[in-house]
Amino acid sequence: MSPRARLRRGRLRTALVLLPVPLLAALTACGSGDGSTPVAGALASPAPADDPVAGVRAVEPIAALLPAEVRKAGSLRLGGSVGSPPSAYYPDGQDKPPAGLDIDIAAGVAKVLGLKLERQDASFETILPALGSGKYDVGTGNFGVTTERLKSVDFVTYINDGQGFAVKTGSTVLTGQVSDLTQLCGLTIGTGAGTTFEKTLTAKKEVCADAGKKPYEVKAFSESGAVTTALQQGRIDVVMSTINGLRHQAAQPAAQTTFLGEYHRLDVGFAFKKGSALTPAFQAAVNELIKDGTYARILKKWGTAPSAIDTSRINPAEHT
C-alpha cells in the first residue's frame with residue numbers, strides 16, 4: 001500500500017469513529033470501504049464525468065512568461081489541500097486522485113503553460129508556510145486573499161468565494177442570512193482550524209460584549225468531517241465555512257444542513273511565495289481559460305458559476 005493510501009485509510013478510520021449513524025450509512029452506501037477519505041461530513045460523492053480541460057493546449061506566448069529554468073524543467077511542485085467538494089475531494093469513496101474545481105483549474109493552467117504539476121496532498125495550514133521554505137512552487141486550497149496573507153504570500157485569483165454559515169436542518173437558532181456577527185451571540189460556532197473563518201470569528205469576539213450580549217464560542221476542527229459531525233450531534237450550533245462548500249453540502253439530502261447565505265466575499269487564488277516570478281504566467285493562463293470558455297465549463301461542472309470572475313488579478317486588495 002502506498003504512503004498516501006495508508007494516510008487516507010487512517011483518516012477514514014478516524015472519521016468513522018466520529019460519524020453519527022445517518023452519515024455513516026451515507027458513507028458506506030456510496031463507498032467501497034477501501035480507505036478513501038470522507039468529505040464534508042463523510043458525504044463523498046461521484047465526480048462529474050465530463051473533462052472540460054481535455055481540449056486545452058499549450059499557448060506559447062503565455063508559456064514564454066515563465067522563468068527559463070521552469071520551462072527547462074517542465075514541471076512545478078504543487079502543494080494542495082483536499083477537503084470537501086466542490087473545491088477538492090476524493091470522489092466515490094474510491095482510492096482515486098482528488099477531483100474538484102481546484103484540481104480542474106490547476107490542470108487547465110498547467111496545460112496552457114505546457115507544464116506538468118507534481119502534486120502533493122498537504123494539510124491546509126501547512127501549505128502557505130511551505131511556499132516560503134521552497135517546498136512547493138505553488139499552493140491551492142481555496143485560499144482566500146486577505147490583507148494579512150498578502151504580507152507574506154502572492155496570489156493569482158481564479159474564483160470569488162467567501163464566507164457563509166449553515167445550521168442543522170430544522171434548527172431554529174438562526175433562521176435567516178447572517179449579516180452581522182452579533183446574530184451569533186450566545187451560540188457555539190464550528191469552523192476549520194487555521195482558516196480565515198477562525199480568524200474572523202476570533203478577531204471580532206468583542207462585538208457581543210459591545211452589544212451587551214453573551215459572547216459566542218468558537219470551536220476549530222482540523223478535519224472538515226468533524227465539523228459536520230459536531231453540528232449533527234448538537235455540539236455546535238452553526239458552521240462557518242466557504243460559500244461554495246456550504247451550498248454544495250446543503251444540496252446533499254443526507255447532510256441535513258441548511259445554508260444561510262453569504263456573509264463576506266473573498267477572492268480565491270493560487271498562492272506563491274512573496275516575489276515569485278511565476279505570477280504573471282499563471283495570471284495569463286487563467287485569463288486564457290476565461291477567454292476560450294474552458295473556465296465557464298469548469299465552473300458549470302462544479303456548480304459554482306455564481307462565483308466566476310471576469311479577469312484574474314495578482315494580489316488584489318481584500319474585499320471590505
# chains A, B, ... in the order shown; residues from 1 in each chain; ligands from 1
$ residues_around --residues "Thr196 of chain A" --least-positions-apart "2" --cutoff "12 Å" --atoms "only C-alpha atoms" --output "PyMOL selection string"
chain A and resi 124-125+142-149+162-164+191-194+198-203+220+240-242+264-266+268+318
$ residues_around --residues "Ala58 of chain A" --least-positions-apart "5" --cutoff "7 Å" --atoms "only C-alpha atoms" --output "MDAnalysis selection string"
chainID A and resid 111:114
$ write_last_selection --atoms "C-alpha atoms" --output "PDB file, in the first residue's frame"
ATOM      1  CA  LYS A 111      -1.806  22.723 -19.954  1.00  0.00           C
ATOM      2  CA  VAL A 112      -1.758  26.342 -21.133  1.00  0.00           C
ATOM      3  CA  LEU A 113       1.750  26.708 -19.701  1.00  0.00           C
ATOM      4  CA  GLY A 114       2.957  23.380 -21.106  1.00  0.00           C
TER       5      GLY A 114
END
$ residues_around --residues "segment 230-236 of chain A" --least-positions-apart "3" --cutoff "8 Å" --atoms "only C-alpha atoms" --output "PDB file with N, CA and C atoms, in the first residue's frame"
ATOM      1  N   PRO A  20     -22.119  10.125  13.153  1.00  0.00           N
ATOM      2  CA  PRO A  20     -23.406   9.658  13.626  1.00  0.00           C
ATOM      3  C   PRO A  20     -23.973   8.637  12.646  1.00  0.00           C
ATOM      4  N   VAL A 167     -26.641  25.763   9.286  1.00  0.00           N
ATOM      5  CA  VAL A 167     -27.135  25.132  10.516  1.00  0.00           C
ATOM      6  C   VAL A 167     -27.672  23.754  10.172  1.00  0.00           C
ATOM      7  N   LYS A 168     -27.932  22.964  11.203  1.00  0.00           N
ATOM      8  CA  LYS A 168     -28.587  21.679  11.010  1.00  0.00           C
ATOM      9  C   LYS A 168     -30.013  21.928  10.542  1.00  0.00           C
ATOM     10  N   LEU A 187     -24.110  31.646  20.842  1.00  0.00           N
ATOM     11  CA  LEU A 187     -24.076  30.377  20.116  1.00  0.00           C
ATOM     12  C   LEU A 187     -22.659  29.802  20.081  1.00  0.00           C
ATOM     13  N   THR A 188     -22.569  28.520  19.737  1.00  0.00           N
ATOM     14  CA  THR A 188     -21.278  27.864  19.546  1.00  0.00           C
ATOM     15  C   THR A 188     -21.077  27.630  18.060  1.00  0.00           C
ATOM     16  N   ILE A 189     -19.970  28.138  17.525  1.00  0.00           N
ATOM     17  CA  ILE A 189     -19.714  28.121  16.086  1.00  0.00           C
ATOM     18  C   ILE A 189     -18.552  27.185  15.795  1.00  0.00           C
ATOM     19  N   GLY A 190     -18.740  26.289  14.859  1.00  0.00           N
ATOM     20  CA  GLY A 190     -17.681  25.390  14.437  1.00  0.00           C
ATOM     21  C   GLY A 190     -17.092  25.837  13.115  1.00  0.00           C
ATOM     22  N   LYS A 219     -15.277  26.886  18.114  1.00  0.00           N
ATOM     23  CA  LYS A 219     -14.602  25.593  18.163  1.00  0.00           C
ATOM     24  C   LYS A 219     -13.994  25.319  16.791  1.00  0.00           C
ATOM     25  N   ALA A 226     -15.322  16.432  10.830  1.00  0.00           N
ATOM     26  CA  ALA A 226     -15.582  16.594  12.255  1.00  0.00           C
ATOM     27  C   ALA A 226     -16.501  17.771  12.523  1.00  0.00           C
ATOM     28  N   VAL A 227     -16.441  18.807  11.681  1.00  0.00           N
ATOM     29  CA  VAL A 227     -17.311  19.974  11.861  1.00  0.00           C
ATOM     30  C   VAL A 227     -18.767  19.568  11.654  1.00  0.00           C
ATOM     31  N   VAL A 239     -22.198  26.380  11.591  1.00  0.00           N
ATOM     32  CA  VAL A 239     -20.909  26.196  10.920  1.00  0.00           C
ATOM     33  C   VAL A 239     -20.591  27.426  10.088  1.00  0.00           C
ATOM     34  N   GLN A 256     -28.178  16.945   5.801  1.00  0.00           N
ATOM     35  CA  GLN A 256     -29.121  17.531   6.757  1.00  0.00           C
ATOM     36  C   GLN A 256     -28.651  18.891   7.254  1.00  0.00           C
TER      37      GLN A 256
END
$ select_by_dssp --residues "segment 124-183 of chain A" --states "helix (DSSP H, G or I)" --output "PyMOL selection string"
chain A and resi 124-133+149-151+181-183
$ residues_around --residues "segment 269-285 of chain A" --least-positions-apart "6" --cutoff "7 Å" --atoms "only C-alpha atoms" --output "ChimeraX atom specification"
/A:62-63,65-67,109,112-113,131-132,137-140,142-145,152-159,312-314
$ select_by_dssp --residues "segment 125-272 of chain A" --states "strand (DSSP E)" --output "PyMOL selection string"
chain A and resi 138-140+153-168+188-192+217-221+238-242+257-272
$ residues_around --residues "Ala88 of chain A" --least-positions-apart "6" --cutoff "8 Å" --atoms "only C-alpha atoms" --output "VMD selection string"
chain A and resid 81 to 82 98 to 103 141
$ closest_residue --among "A:Val56, A:Thr195, A:Ala308, A:Gly225" --to "Thr294 of chain A" --atoms "only C-alpha atoms"
A:Val56
$ closest_residue --among "A:Leu76, A:Phe221, A:Asp180, A:Asp267" --to "Pro316 of chain A" --atoms "only C-alpha atoms"
A:Asp267
$ closest_residue --among "A:Gln252, A:Thr258, A:Ser222, A:Gln120" --to "Gly176 of chain A" --atoms "only C-alpha atoms"
A:Thr258
$ closest_residue --among "A:Asp92, A:Arg77, A:Leu260, A:Pro48" --to "Asp121 of chain A" --atoms "only C-alpha atoms"
A:Arg77
$ atom_distance --atom1 "atom CA of Pro86 of chain A" --atom2 "atom CA of His319 of chain A"
22.3 Å
$ atom_distance --atom1 "atom CA of Arg119 of chain A" --atom2 "atom CA of Leu78 of chain A"
4.7 Å
